[in-house]
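The next block is query25.pdb, given as PDB, C-alpha atoms and all ligand atoms.
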```
ATOM      1  CA  MET A   1       8.431  -9.143 -19.999
ATOM      2  CA  PRO A   2       6.852  -5.665 -20.172
ATOM      3  CA  LEU A   3       4.105  -4.828 -17.674
ATOM      4  CA  SER A   4       0.642  -4.429 -19.141
ATOM      5  CA  PRO A   5      -0.492  -0.960 -20.167
ATOM      6  CA  THR A   6      -3.429   0.279 -18.128
ATOM      7  CA  VAL A   7      -6.776   1.874 -18.851
ATOM      8  CA  THR A   8      -8.244   4.535 -16.547
ATOM      9  CA  PHE A   9     -11.703   4.244 -14.990
ATOM     10  CA  HIS A  10     -14.017   7.260 -14.752
ATOM     11  CA  ASP A  11     -13.235   7.233 -10.999
ATOM     12  CA  GLY A  12      -9.554   7.900 -11.753
ATOM     13  CA  HIS A  13      -8.201   4.426 -10.805
ATOM     14  CA  ARG A  14      -6.364   2.339 -13.368
ATOM     15  CA  ILE A  15      -6.562  -1.344 -14.328
ATOM     16  CA  PRO A  16      -4.015  -3.328 -16.373
ATOM     17  CA  LEU A  17      -5.427  -4.218 -19.804
ATOM     18  CA  LEU A  18      -4.199  -7.794 -19.387
ATOM     19  CA  GLY A  19      -4.829  -9.782 -16.232
ATOM     20  CA  TYR A  20      -5.034 -13.324 -14.940
ATOM     21  CA  GLY A  21      -8.296 -15.185 -14.232
ATOM     22  CA  VAL A  22      -8.676 -18.134 -11.857
ATOM     23  CA  PHE A  23     -12.113 -19.637 -12.621
ATOM     24  CA  LYS A  24     -12.082 -23.428 -12.041
ATOM     25  CA  VAL A  25      -8.722 -23.355 -10.283
ATOM     26  CA  ASP A  26      -8.989 -25.056  -6.886
ATOM     27  CA  ASP A  27      -7.764 -23.272  -3.800
ATOM     28  CA  ASP A  28      -4.560 -25.309  -3.344
ATOM     29  CA  ARG A  29      -3.543 -24.817  -6.956
ATOM     30  CA  ALA A  30      -4.457 -21.112  -6.965
ATOM     31  CA  ALA A  31      -1.605 -20.133  -4.646
ATOM     32  CA  ASP A  32       0.888 -21.784  -6.980
ATOM     33  CA  VAL A  33      -0.431 -20.531 -10.322
ATOM     34  CA  VAL A  34      -1.143 -16.982  -9.127
ATOM     35  CA  GLY A  35       2.417 -16.943  -7.768
ATOM     36  CA  GLN A  36       3.663 -17.967 -11.201
ATOM     37  CA  ALA A  37       1.540 -15.303 -12.872
ATOM     38  CA  LEU A  38       2.857 -12.563 -10.573
ATOM     39  CA  ALA A  39       6.441 -13.723 -11.109
ATOM     40  CA  ALA A  40       5.878 -13.691 -14.885
ATOM     41  CA  GLY A  41       4.649 -10.074 -14.715
ATOM     42  CA  TYR A  42       0.843 -10.121 -14.410
ATOM     43  CA  ARG A  43      -0.412  -7.337 -12.146
ATOM     44  CA  GLN A  44      -4.145  -8.080 -12.155
ATOM     45  CA  VAL A  45      -5.880 -11.116 -10.619
ATOM     46  CA  ASP A  46      -9.593 -11.897 -11.116
ATOM     47  CA  THR A  47     -11.310 -14.181  -8.621
ATOM     48  CA  ALA A  48     -14.809 -14.535  -7.119
ATOM     49  CA  ARG A  49     -16.446 -15.974  -4.034
ATOM     50  CA  LEU A  50     -17.952 -18.602  -6.354
ATOM     51  CA  TYR A  51     -14.521 -19.854  -7.410
ATOM     52  CA  GLY A  52     -13.676 -20.947  -3.852
ATOM     53  CA  ASN A  53     -10.059 -19.898  -4.224
ATOM     54  CA  GLU A  54      -9.859 -16.470  -2.566
ATOM     55  CA  GLU A  55      -7.689 -17.914   0.236
ATOM     56  CA  GLY A  56      -5.244 -19.385  -2.271
ATOM     57  CA  VAL A  57      -5.102 -16.085  -4.148
ATOM     58  CA  GLY A  58      -4.418 -14.318  -0.834
ATOM     59  CA  ARG A  59      -1.590 -16.728   0.004
ATOM     60  CA  ALA A  60       0.005 -16.032  -3.383
ATOM     61  CA  LEU A  61      -0.258 -12.265  -2.866
ATOM     62  CA  ARG A  62       1.448 -12.504   0.545
ATOM     63  CA  ALA A  63       4.175 -14.871  -0.694
ATOM     64  CA  SER A  64       5.005 -12.718  -3.714
ATOM     65  CA  SER A  65       7.765 -10.133  -3.684
ATOM     66  CA  VAL A  66       5.496  -7.850  -5.718
ATOM     67  CA  PRO A  67       4.136  -5.155  -3.357
ATOM     68  CA  ARG A  68       0.372  -5.272  -2.700
ATOM     69  CA  GLU A  69      -0.166  -1.801  -4.181
ATOM     70  CA  GLU A  70       1.215  -2.979  -7.528
ATOM     71  CA  VAL A  71      -1.343  -5.766  -7.955
ATOM     72  CA  PHE A  72      -4.946  -5.079  -8.986
ATOM     73  CA  VAL A  73      -7.248  -7.543  -7.180
ATOM     74  CA  THR A  74     -10.873  -8.181  -8.161
ATOM     75  CA  THR A  75     -13.469 -10.381  -6.516
ATOM     76  CA  LYS A  76     -17.215 -10.727  -6.946
ATOM     77  CA  LEU A  77     -20.487 -10.856  -5.047
ATOM     78  CA  TRP A  78     -22.415 -14.101  -5.609
ATOM     79  CA  ASN A  79     -26.080 -14.321  -6.597
ATOM     80  CA  ASP A  80     -27.427 -15.297  -3.152
ATOM     81  CA  GLU A  81     -25.953 -12.176  -1.512
ATOM     82  CA  HIS A  82     -27.815  -9.352  -3.275
ATOM     83  CA  ALA A  83     -29.662  -8.154  -0.163
ATOM     84  CA  PHE A  84     -27.936  -4.995   1.161
ATOM     85  CA  ASP A  85     -26.647  -6.378   4.474
ATOM     86  CA  ALA A  86     -25.719  -9.711   2.909
ATOM     87  CA  ALA A  87     -23.681  -7.921   0.245
ATOM     88  CA  ILE A  88     -21.781  -5.884   2.850
ATOM     89  CA  ALA A  89     -21.050  -9.039   4.851
ATOM     90  CA  ALA A  90     -20.028 -10.929   1.686
ATOM     91  CA  CYS A  91     -17.443  -8.313   0.790
ATOM     92  CA  GLU A  92     -16.042  -8.368   4.334
ATOM     93  CA  ALA A  93     -15.822 -12.176   4.177
ATOM     94  CA  SER A  94     -14.041 -12.045   0.794
ATOM     95  CA  LEU A  95     -11.534  -9.545   2.215
ATOM     96  CA  ASP A  96     -10.937 -11.885   5.181
ATOM     97  CA  ARG A  97     -10.331 -14.866   2.907
ATOM     98  CA  LEU A  98      -8.012 -12.828   0.682
ATOM     99  CA  GLY A  99      -6.257 -11.385   3.737
ATOM    100  CA  LEU A 100      -6.658  -7.863   2.351
ATOM    101  CA  GLU A 101      -7.762  -4.542   3.844
ATOM    102  CA  GLN A 102      -9.169  -3.261   0.570
ATOM    103  CA  LEU A 103     -10.100  -4.593  -2.869
ATOM    104  CA  ASP A 104      -9.208  -2.800  -6.062
ATOM    105  CA  LEU A 105     -12.504  -3.843  -7.612
ATOM    106  CA  TYR A 106     -15.691  -5.490  -6.379
ATOM    107  CA  LEU A 107     -18.230  -6.708  -8.945
ATOM    108  CA  ILE A 108     -21.805  -7.960  -8.835
ATOM    109  CA  HIS A 109     -21.171 -11.330 -10.515
ATOM    110  CA  TRP A 110     -24.570 -11.659 -12.284
ATOM    111  CA  ALA A 111     -27.622  -9.376 -12.410
ATOM    112  CA  VAL A 112     -30.068 -12.311 -11.982
ATOM    113  CA  PRO A 113     -32.969 -10.151 -13.290
ATOM    114  CA  GLU A 114     -35.675 -12.554 -12.082
ATOM    115  CA  GLN A 115     -34.456 -12.160  -8.497
ATOM    116  CA  GLY A 116     -34.940  -8.403  -8.813
ATOM    117  CA  ARG A 117     -32.351  -7.323  -6.192
ATOM    118  CA  TYR A 118     -29.566  -5.975  -8.424
ATOM    119  CA  VAL A 119     -30.371  -2.308  -7.623
ATOM    120  CA  GLU A 120     -30.169  -3.132  -3.901
ATOM    121  CA  ALA A 121     -26.878  -4.975  -4.485
ATOM    122  CA  TRP A 122     -25.553  -1.994  -6.432
ATOM    123  CA  ARG A 123     -26.465   0.337  -3.534
ATOM    124  CA  ALA A 124     -24.470  -1.973  -1.251
ATOM    125  CA  LEU A 125     -21.429  -1.758  -3.528
ATOM    126  CA  ILE A 126     -21.716   2.044  -3.494
ATOM    127  CA  ALA A 127     -21.701   1.899   0.330
ATOM    128  CA  LEU A 128     -18.703  -0.463   0.309
ATOM    129  CA  ARG A 129     -16.753   1.982  -1.816
ATOM    130  CA  GLU A 130     -17.739   4.870   0.460
ATOM    131  CA  ARG A 131     -16.547   2.846   3.476
ATOM    132  CA  GLY A 132     -13.205   2.181   1.749
ATOM    133  CA  LEU A 133     -13.523  -1.605   1.460
ATOM    134  CA  THR A 134     -12.993  -1.366  -2.293
ATOM    135  CA  ARG A 135     -11.457   1.321  -4.470
ATOM    136  CA  SER A 136     -13.688   0.758  -7.491
ATOM    137  CA  ILE A 137     -17.023  -0.943  -8.126
ATOM    138  CA  GLY A 138     -18.526  -2.513 -11.191
ATOM    139  CA  VAL A 139     -20.797  -5.213 -12.511
ATOM    140  CA  SER A 140     -20.617  -8.405 -14.527
ATOM    141  CA  ASN A 141     -23.164 -10.122 -16.747
ATOM    142  CA  PHE A 142     -25.779  -7.356 -16.783
ATOM    143  CA  PRO A 143     -28.188  -7.185 -19.727
ATOM    144  CA  LEU A 144     -28.333  -3.653 -21.157
ATOM    145  CA  ALA A 145     -31.713  -2.830 -19.545
ATOM    146  CA  GLU A 146     -30.492  -3.769 -16.051
ATOM    147  CA  LEU A 147     -27.241  -1.858 -16.584
ATOM    148  CA  GLU A 148     -29.215   1.259 -17.537
ATOM    149  CA  GLU A 149     -31.545   0.705 -14.566
ATOM    150  CA  ILE A 150     -28.844   0.701 -11.863
ATOM    151  CA  ILE A 151     -27.364   3.876 -13.347
ATOM    152  CA  ALA A 152     -30.746   5.601 -13.508
ATOM    153  CA  ALA A 153     -31.659   4.492  -9.961
ATOM    154  CA  THR A 154     -28.418   5.599  -8.276
ATOM    155  CA  ALA A 155     -26.674   8.039 -10.658
ATOM    156  CA  VAL A 156     -23.540   5.966 -10.026
ATOM    157  CA  VAL A 157     -21.962   4.505 -13.159
ATOM    158  CA  PRO A 158     -20.056   1.201 -12.825
ATOM    159  CA  ALA A 159     -16.320   1.625 -13.474
ATOM    160  CA  ILE A 160     -16.266  -1.579 -15.508
ATOM    161  CA  HIS A 161     -18.570  -4.242 -16.922
ATOM    162  CA  GLN A 162     -17.163  -7.776 -17.141
ATOM    163  CA  ILE A 163     -18.902  -9.800 -19.879
ATOM    164  CA  GLU A 164     -18.264 -12.747 -22.157
ATOM    165  CA  LEU A 165     -16.366 -11.273 -25.092
ATOM    166  CA  HIS A 166     -14.149 -12.801 -27.764
ATOM    167  CA  PRO A 167     -13.898 -12.559 -31.567
ATOM    168  CA  TYR A 168     -16.911 -14.877 -32.059
ATOM    169  CA  PHE A 169     -19.027 -12.816 -29.615
ATOM    170  CA  GLN A 170     -18.049  -9.159 -29.750
ATOM    171  CA  GLN A 171     -20.862  -7.561 -27.727
ATOM    172  CA  ARG A 172     -21.165  -4.472 -29.961
ATOM    173  CA  GLU A 173     -24.404  -3.227 -28.384
ATOM    174  CA  LEU A 174     -23.075  -3.320 -24.819
ATOM    175  CA  ARG A 175     -19.710  -1.843 -25.880
ATOM    176  CA  ALA A 176     -21.507   1.099 -27.504
ATOM    177  CA  ALA A 177     -23.444   1.688 -24.255
ATOM    178  CA  HIS A 178     -20.211   1.436 -22.255
ATOM    179  CA  ALA A 179     -18.609   4.059 -24.493
ATOM    180  CA  GLN A 180     -21.558   6.407 -23.905
ATOM    181  CA  HIS A 181     -21.357   6.027 -20.120
ATOM    182  CA  GLY A 182     -17.553   5.896 -19.812
ATOM    183  CA  ILE A 183     -17.585   2.273 -18.587
ATOM    184  CA  VAL A 184     -14.498   0.132 -19.253
ATOM    185  CA  THR A 185     -15.273  -3.195 -20.951
ATOM    186  CA  GLN A 186     -13.703  -6.349 -19.509
ATOM    187  CA  ALA A 187     -13.751  -9.694 -21.316
ATOM    188  CA  TRP A 188     -14.267 -13.000 -19.563
ATOM    189  CA  GLY A 189     -13.660 -16.091 -21.646
ATOM    190  CA  PRO A 190     -11.416 -13.960 -23.869
ATOM    191  CA  LEU A 191     -10.017 -17.093 -25.540
ATOM    192  CA  GLY A 192     -13.493 -18.584 -25.973
ATOM    193  CA  GLN A 193     -13.045 -20.947 -22.985
ATOM    194  CA  GLY A 194     -12.027 -23.770 -25.332
ATOM    195  CA  LYS A 195     -15.731 -24.118 -26.288
ATOM    196  CA  SER A 196     -15.335 -23.401 -30.001
ATOM    197  CA  ASP A 197     -12.768 -23.609 -32.795
ATOM    198  CA  LEU A 198     -11.765 -19.966 -32.220
ATOM    199  CA  LEU A 199      -8.051 -20.726 -31.750
ATOM    200  CA  GLU A 200      -8.072 -22.854 -34.930
ATOM    201  CA  ASN A 201      -9.928 -20.276 -37.035
ATOM    202  CA  PRO A 202      -7.868 -19.739 -40.239
ATOM    203  CA  VAL A 203      -8.112 -15.931 -39.977
ATOM    204  CA  ILE A 204      -6.577 -16.079 -36.493
ATOM    205  CA  THR A 205      -3.987 -18.754 -37.276
ATOM    206  CA  GLY A 206      -3.019 -16.953 -40.513
ATOM    207  CA  ILE A 207      -2.322 -13.740 -38.592
ATOM    208  CA  ALA A 208      -0.481 -15.743 -35.940
ATOM    209  CA  GLU A 209       1.760 -17.327 -38.550
ATOM    210  CA  ALA A 210       2.538 -13.961 -40.125
ATOM    211  CA  HIS A 211       3.806 -12.702 -36.746
ATOM    212  CA  GLY A 212       5.428 -15.904 -35.501
ATOM    213  CA  ALA A 213       2.924 -15.725 -32.624
ATOM    214  CA  SER A 214       0.297 -18.106 -31.234
ATOM    215  CA  ALA A 215      -3.446 -17.926 -31.936
ATOM    216  CA  ALA A 216      -4.098 -17.081 -28.260
ATOM    217  CA  GLN A 217      -1.645 -14.181 -28.467
ATOM    218  CA  VAL A 218      -3.415 -12.834 -31.566
ATOM    219  CA  VAL A 219      -6.806 -12.943 -29.814
ATOM    220  CA  LEU A 220      -5.413 -11.188 -26.726
ATOM    221  CA  ALA A 221      -3.684  -8.537 -28.876
ATOM    222  CA  TRP A 222      -7.069  -7.936 -30.551
ATOM    223  CA  HIS A 223      -8.713  -7.303 -27.162
ATOM    224  CA  ARG A 224      -5.912  -4.925 -26.165
ATOM    225  CA  ALA A 225      -6.144  -2.986 -29.430
ATOM    226  CA  HIS A 226      -9.826  -2.352 -28.634
ATOM    227  CA  GLU A 227      -8.967  -1.302 -25.058
ATOM    228  CA  ILE A 228     -10.904  -4.289 -23.718
ATOM    229  CA  VAL A 229      -9.461  -5.625 -20.459
ATOM    230  CA  ALA A 230      -8.820  -9.381 -20.874
ATOM    231  CA  ILE A 231      -8.265 -11.925 -18.102
ATOM    232  CA  PRO A 232      -7.227 -15.189 -19.771
ATOM    233  CA  LYS A 233      -6.895 -18.241 -17.578
ATOM    234  CA  SER A 234      -4.324 -20.994 -17.836
ATOM    235  CA  VAL A 235      -2.726 -23.263 -15.267
ATOM    236  CA  THR A 236      -0.035 -24.376 -17.721
ATOM    237  CA  PRO A 237       3.218 -22.536 -16.933
ATOM    238  CA  ALA A 238       4.204 -22.043 -20.589
ATOM    239  CA  ARG A 239       0.752 -20.666 -21.468
ATOM    240  CA  ILE A 240       0.722 -18.310 -18.482
ATOM    241  CA  VAL A 241       3.871 -16.748 -19.953
ATOM    242  CA  GLU A 242       2.672 -17.045 -23.571
ATOM    243  CA  ASN A 243      -0.541 -15.162 -22.830
ATOM    244  CA  LEU A 244       1.360 -12.357 -21.103
ATOM    245  CA  ALA A 245       3.767 -12.143 -24.053
ATOM    246  CA  SER A 246       0.797 -11.083 -26.214
ATOM    247  CA  LEU A 247       1.714  -7.620 -24.902
ATOM    248  CA  GLU A 248       4.626  -7.667 -27.351
ATOM    249  CA  LEU A 249       2.343  -8.286 -30.342
ATOM    250  CA  SER A 250       0.684  -5.423 -32.237
ATOM    251  CA  LEU A 251      -1.774  -6.123 -35.025
ATOM    252  CA  THR A 252      -2.237  -4.031 -38.149
ATOM    253  CA  ARG A 253      -5.507  -2.232 -38.900
ATOM    254  CA  GLY A 254      -6.201  -4.793 -41.612
ATOM    255  CA  GLU A 255      -5.647  -7.685 -39.219
ATOM    256  CA  LEU A 256      -7.918  -6.088 -36.613
ATOM    257  CA  ALA A 257     -10.626  -5.579 -39.254
ATOM    258  CA  ALA A 258     -10.353  -9.224 -40.316
ATOM    259  CA  ILE A 259     -10.882 -10.346 -36.694
ATOM    260  CA  ASP A 260     -13.692  -7.797 -36.228
ATOM    261  CA  ALA A 261     -15.458  -9.591 -39.110
ATOM    262  CA  LEU A 262     -15.521 -12.903 -37.173
ATOM    263  CA  ASP A 263     -18.398 -11.764 -34.911
ATOM    264  CA  ARG A 264     -21.306 -14.258 -34.965
ATOM    265  CA  PRO A 265     -24.933 -13.847 -33.866
ATOM    266  CA  ASP A 266     -24.750 -17.286 -32.220
ATOM    267  CA  GLY A 267     -21.214 -16.856 -30.892
ATOM    268  CA  ARG A 268     -22.076 -16.882 -27.182
ATOM    269  CA  GLY A 269     -20.450 -19.837 -25.451
ATOM    270  CA  GLY A 270     -21.534 -19.251 -21.848
ATOM    271  CA  ARG A 271     -24.719 -18.465 -19.945
ATOM    272  CA  ASP A 272     -27.002 -15.713 -21.260
ATOM    273  CA  PRO A 273     -27.364 -13.082 -18.469
ATOM    274  CA  GLY A 274     -30.967 -12.415 -19.539
ATOM    275  CA  ARG A 275     -32.034 -16.042 -19.171
ATOM    276  CA  PRO A 276     -33.464 -17.053 -15.799
ATOM    277  CA  TRP A 277     -31.378 -19.324 -13.580
ATOM    278  CA  GLY A 278     -33.033 -22.524 -12.590
TER
HETATM  279  P1  LIG B   1     -10.616 -18.366 -21.251
HETATM  280  O1  LIG B   1     -11.191 -17.853 -22.510
HETATM  281  O2  LIG B   1      -9.571 -17.582 -20.544
HETATM  282  O3  LIG B   1     -10.129 -19.805 -21.601
HETATM  283  C1  LIG B   1      -9.376 -20.557 -20.707
HETATM  284  C2  LIG B   1      -8.982 -21.851 -21.376
HETATM  285  O4  LIG B   1      -8.310 -21.576 -22.600
HETATM  286  C3  LIG B   1      -7.963 -22.608 -20.508
HETATM  287  O5  LIG B   1      -8.630 -23.449 -19.600
HETATM  288  C4  LIG B   1      -7.157 -23.340 -21.532
HETATM  289  O6  LIG B   1      -7.803 -24.567 -21.820
HETATM  290  C5  LIG B   1      -7.228 -22.463 -22.758
HETATM  291  N1  LIG B   1      -5.993 -21.669 -22.947
HETATM  292  C6  LIG B   1      -5.456 -20.716 -22.124
HETATM  293  N2  LIG B   1      -4.334 -20.202 -22.646
HETATM  294  C7  LIG B   1      -4.148 -20.827 -23.829
HETATM  295  C8  LIG B   1      -3.165 -20.730 -24.838
HETATM  296  N3  LIG B   1      -2.154 -19.859 -24.741
HETATM  297  N4  LIG B   1      -3.271 -21.523 -25.917
HETATM  298  C9  LIG B   1      -4.315 -22.397 -26.043
HETATM  299  N5  LIG B   1      -5.281 -22.535 -25.128
HETATM  300  C10 LIG B   1      -5.198 -21.755 -24.026
HETATM  301  O7  LIG B   1     -11.861 -18.692 -20.271
HETATM  302  P2  LIG B   1     -12.194 -18.493 -18.741
HETATM  303  O8  LIG B   1     -11.170 -19.057 -17.835
HETATM  304  O9  LIG B   1     -13.569 -18.994 -18.551
HETATM  305  O10 LIG B   1     -12.210 -16.904 -18.570
HETATM  306  C11 LIG B   1     -11.117 -16.185 -18.074
HETATM  307  C12 LIG B   1     -11.410 -15.629 -16.706
HETATM  308  O11 LIG B   1     -12.569 -14.810 -16.753
HETATM  309  C13 LIG B   1     -11.769 -16.675 -15.662
HETATM  310  O12 LIG B   1     -10.644 -17.374 -15.186
HETATM  311  C14 LIG B   1     -12.452 -15.837 -14.637
HETATM  312  O13 LIG B   1     -11.504 -15.123 -13.852
HETATM  313  C15 LIG B   1     -13.255 -14.895 -15.512
HETATM  314  N6  LIG B   1     -14.632 -15.361 -15.767
HETATM  315  C16 LIG B   1     -15.653 -14.604 -15.315
HETATM  316  C17 LIG B   1     -16.961 -14.985 -15.554
HETATM  317  C18 LIG B   1     -18.074 -14.132 -15.056
HETATM  318  O14 LIG B   1     -19.217 -14.623 -15.027
HETATM  319  N7  LIG B   1     -17.828 -12.906 -14.658
HETATM  320  C19 LIG B   1     -17.255 -16.168 -16.256
HETATM  321  C20 LIG B   1     -16.177 -16.920 -16.720
HETATM  322  C21 LIG B   1     -14.889 -16.502 -16.481
END
```
Output the file's structure as structure tokens, nothing else.
Ligand code: NAD
Amino acid sequence: MPLSPTVTFHDGHRIPLLGYGVFKVDDDRAADVVGQALAAGYRQVDTARLYGNEEGVGRALRASSVPREEVFVTTKLWNDEHAFDAAIAACEASLDRLGLEQLDLYLIHWAVPEQGRYVEAWRALIALRERGLTRSIGVSNFPLAELEEIIAATAVVPAIHQIELHPYFQQRELRAAHAQHGIVTQAWGPLGQGKSDLLENPVITGIAEAHGASAAQVVLAWHRAHEIVAIPKSVTPARIVENLASLELSLTRGELAAIDALDRPDGRGGRDPGRPWG
């Protein structure tokens, strides 16, 4: 299996365009499935304090024959840790659980606008990068106004913004802002999280049939063609490999345009980052 191509952040570091996500994978299972993913050829793992599986991810990294420097590891700051000192301590605790000296990427998981501490959290991530605890810093689930605000307040642009993004919810407004600022776009729920009929959509399945590929592979090839970093999750061995094999599939301009046309105003499947928690 070929290794994923990479995209370069404005800070000079690179991230594989295809990675492996471990949301809703319990800690015991994580060591096994991340090990499988690394053996298959994934070189990017996306976890979070919230997922409760950083220790399992760390065990898989240590057990793997793939050298640490060849794997891009991301984790995230949870919503109750936005205060500056709490954010510093949270990153240190994540590193301890992962058994790592340094992260490749640390993200603010959600802006939580009503809490009003995302600028403070962003200042903490800037300090963490300066102290060498993480190579790159970014955000996740920031509405456009809050994204612009942290940049204006600190003059530090996130390397990446991780957001829900799939053919039914293409996030054109945020992607345009990312392009202006030089922020890489990363898709969570790239396969639609099984919450819609995306993988049965006739446009997708028609393209899949034409290539002798699966619907999931077509969707992941679409992300890659747009230089959107995708982190599909599966705990099924055959699907872990199948999703990685999307790297061997290239779509035509016409096929990409047909998938571009699937965007829907009501296509969001997950939580709206602008809506208060409660
Ligand atoms: P996803 O779109 O990757 O969908 C995963 C589901 O799709 C699986 O549970 C499985 O049922 C199905 N699937 C996977 N491969 C398939 C295949 N080849 N064929 C058919 N079905 C297949 O959704 P996700 O797991 O929610 O998102 C991916 C990753 O993004 C997560 O694991 C996590 O790392 C990250 N994430 C981040 C946030 C955030 O708030 N930042 C939120 C959700 C997820």
What is the atom CA of Tyr42 of chain A-atom O14 of ligand LIG 1 (chain B) distance in Å, reported with one decimal?
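Spanning atom CA of Tyr42 of chain A to atom O14 of ligand LIG 1 (chain B) is a straight-line distance of 20.6 Å.
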Take the PyMOL selection byres (((chain A and resi 129) around 12) and not hetatm), apply it to the structure above, and return the hits as an mmCIF file with C-alpha atoms, in the coordinates of the input.
```cif
data_model
loop_
_atom_site.group_PDB
_atom_site.id
_atom_site.type_symbol
_atom_site.label_atom_id
_atom_site.label_comp_id
_atom_site.auth_asym_id
_atom_site.auth_seq_id
_atom_site.Cartn_x
_atom_site.Cartn_y
_atom_site.Cartn_z
ATOM 1 C CA ASP A 11 -13.235 7.233 -10.999
ATOM 2 C CA ILE A 88 -21.781 -5.884 2.850
ATOM 3 C CA CYS A 91 -17.443 -8.313 0.790
ATOM 4 C CA GLN A 102 -9.169 -3.261 0.570
ATOM 5 C CA LEU A 103 -10.100 -4.593 -2.869
ATOM 6 C CA ASP A 104 -9.208 -2.800 -6.062
ATOM 7 C CA LEU A 105 -12.504 -3.843 -7.612
ATOM 8 C CA TYR A 106 -15.691 -5.490 -6.379
ATOM 9 C CA LEU A 107 -18.230 -6.708 -8.945
ATOM 10 C CA TRP A 122 -25.553 -1.994 -6.432
ATOM 11 C CA ARG A 123 -26.465 0.337 -3.534
ATOM 12 C CA ALA A 124 -24.470 -1.973 -1.251
ATOM 13 C CA LEU A 125 -21.429 -1.758 -3.528
ATOM 14 C CA ILE A 126 -21.716 2.044 -3.494
ATOM 15 C CA ALA A 127 -21.701 1.899 0.330
ATOM 16 C CA LEU A 128 -18.703 -0.463 0.309
ATOM 17 C CA GLU A 130 -17.739 4.870 0.460
ATOM 18 C CA ARG A 131 -16.547 2.846 3.476
ATOM 19 C CA GLY A 132 -13.205 2.181 1.749
ATOM 20 C CA LEU A 133 -13.523 -1.605 1.460
ATOM 21 C CA THR A 134 -12.993 -1.366 -2.293
ATOM 22 C CA ARG A 135 -11.457 1.321 -4.470
ATOM 23 C CA SER A 136 -13.688 0.758 -7.491
ATOM 24 C CA ILE A 137 -17.023 -0.943 -8.126
ATOM 25 C CA GLY A 138 -18.526 -2.513 -11.191
ATOM 26 C CA VAL A 156 -23.540 5.966 -10.026
ATOM 27 C CA PRO A 158 -20.056 1.201 -12.825
ATOM 28 C CA ALA A 159 -16.320 1.625 -13.474
#
```
Find the residues near ligand LIG 1 (chain B). Use a cut-off of 8 Å, count only C-alpha atoms and all ligand atoms, and write them as a PyMOL selection string.
chain A and resi 20-25+45-48+109-110+140-141+162-164+166+187-194+199+214-217+230-236+238-240+242-243+270
What does the distance between atom CA of Gly206 of chain A and atom CA of Ala221 of chain A come to in Å, to one decimal place?
14.4 Å
For Gln180 of chain A, the nearest of the candidates A:Gly41, A:Leu198, A:His10, A:Phe142, counting only C-alpha atoms:
A:His10
Test item: residues at most 10 Å from Met1 of chain A, only C-alpha atoms, excluding those fewer than 6 positions along its chain, as a list in words
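The residues satisfying every condition are Ala40, Gly41, Tyr42, Val241, Leu244, Ala245, Leu247 and Glu248 of chain A.
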Run the PyMOL selection byres (((chain A and resi 143) around 9) and not hetatm) against the file shown and list the residues it catches, as a list in words.
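When the PyMOL selection byres (((chain A and resi 143) around 9) and not hetatm) is applied, the selected residues are Ala111, Pro113, Asn141, Phe142, Leu144, Ala145, Glu146, Leu147, Glu148, Leu174, Asp272, Pro273 and Gly274 of chain A.
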Restricting the output to C-alpha atoms, write the selected residues as a PDB file, in the coordinates of the input.
```
ATOM      1  CA  ALA A 111     -27.622  -9.376 -12.410  1.00  0.00           C
ATOM      2  CA  PRO A 113     -32.969 -10.151 -13.290  1.00  0.00           C
ATOM      3  CA  ASN A 141     -23.164 -10.122 -16.747  1.00  0.00           C
ATOM      4  CA  PHE A 142     -25.779  -7.356 -16.783  1.00  0.00           C
ATOM      5  CA  LEU A 144     -28.333  -3.653 -21.157  1.00  0.00           C
ATOM      6  CA  ALA A 145     -31.713  -2.830 -19.545  1.00  0.00           C
ATOM      7  CA  GLU A 146     -30.492  -3.769 -16.051  1.00  0.00           C
ATOM      8  CA  LEU A 147     -27.241  -1.858 -16.584  1.00  0.00           C
ATOM      9  CA  GLU A 148     -29.215   1.259 -17.537  1.00  0.00           C
ATOM     10  CA  LEU A 174     -23.075  -3.320 -24.819  1.00  0.00           C
ATOM     11  CA  ASP A 272     -27.002 -15.713 -21.260  1.00  0.00           C
ATOM     12  CA  PRO A 273     -27.364 -13.082 -18.469  1.00  0.00           C
ATOM     13  CA  GLY A 274     -30.967 -12.415 -19.539  1.00  0.00           C
TER      14      GLY A 274
END
```
Residues within 9 Å of Ala83 of chain A, all atoms listed in the file, excluding chain neighbours under 4 positions, as a ChimeraX atom specification
/A:87-88,117-118,120-121,124
With the file shown as input, list the residues that the PyMOL selection byres (((chain A and resi 183) around 9) and not hetatm) selects, as number ranges by chain.
A: 9-10, 138, 157-161, 175, 177-182, 184-185
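One distance worth recording is that between atom CA of Thr205 of chain A and atom CA of Glu255 of chain A, which is 11.4 Å.
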Near-Ser4 of chain A list (7 Å; only C-alpha atoms; drop same-chain fewer than 6 positions) as an NGL selection string
:A and (16-18 or 247)
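Among the candidates A:Val112, A:Val119, A:Val66, A:Val71, the one nearest to Phe84 of chain A when counting all atoms listed in the file is A:Val119.
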Of the residues A:Gly99, A:Gly254, A:Gly52, A:Pro5, which is the one nearest to Glu227 of chain A, using only C-alpha atoms?
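Answer, going by the shortest atom-to-atom distance: A:Pro5.
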Using only C-alpha atoms, can you tell me which of A:Arg49, A:Arg264, A:Arg29, A:Arg62 comes closest to Phe169 of chain A?
A:Arg264
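The smallest atom-to-atom distance between Gly58 of chain A and any of A:Ser250, A:Asn79, A:Gln115, A:Thr74, using only C-alpha atoms, is found for A:Thr74.
Taking all atoms listed in the file into account, Arg68 of chain A lies nearest to A:Leu98 out of the set A:Ala225, A:Leu98, A:Ala152, A:Ala89.
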Find the residues near Asp260 of chain A: any atom within 9 Å, counting only C-alpha atoms, skip ones fewer than 6 places away on the same chain, and give them as a short mmCIF file (atom, residue, chain, number, x, y, z; two decimals) with C-alpha atoms, in the coordinates of the input.
```cif
data_model
loop_
_atom_site.label_atom_id
_atom_site.label_comp_id
_atom_site.auth_asym_id
_atom_site.auth_seq_id
_atom_site.Cartn_x
_atom_site.Cartn_y
_atom_site.Cartn_z
CA PRO A 167 -13.90 -12.56 -31.57
CA TYR A 168 -16.91 -14.88 -32.06
CA GLN A 170 -18.05 -9.16 -29.75
CA TRP A 222 -7.07 -7.94 -30.55
#
```
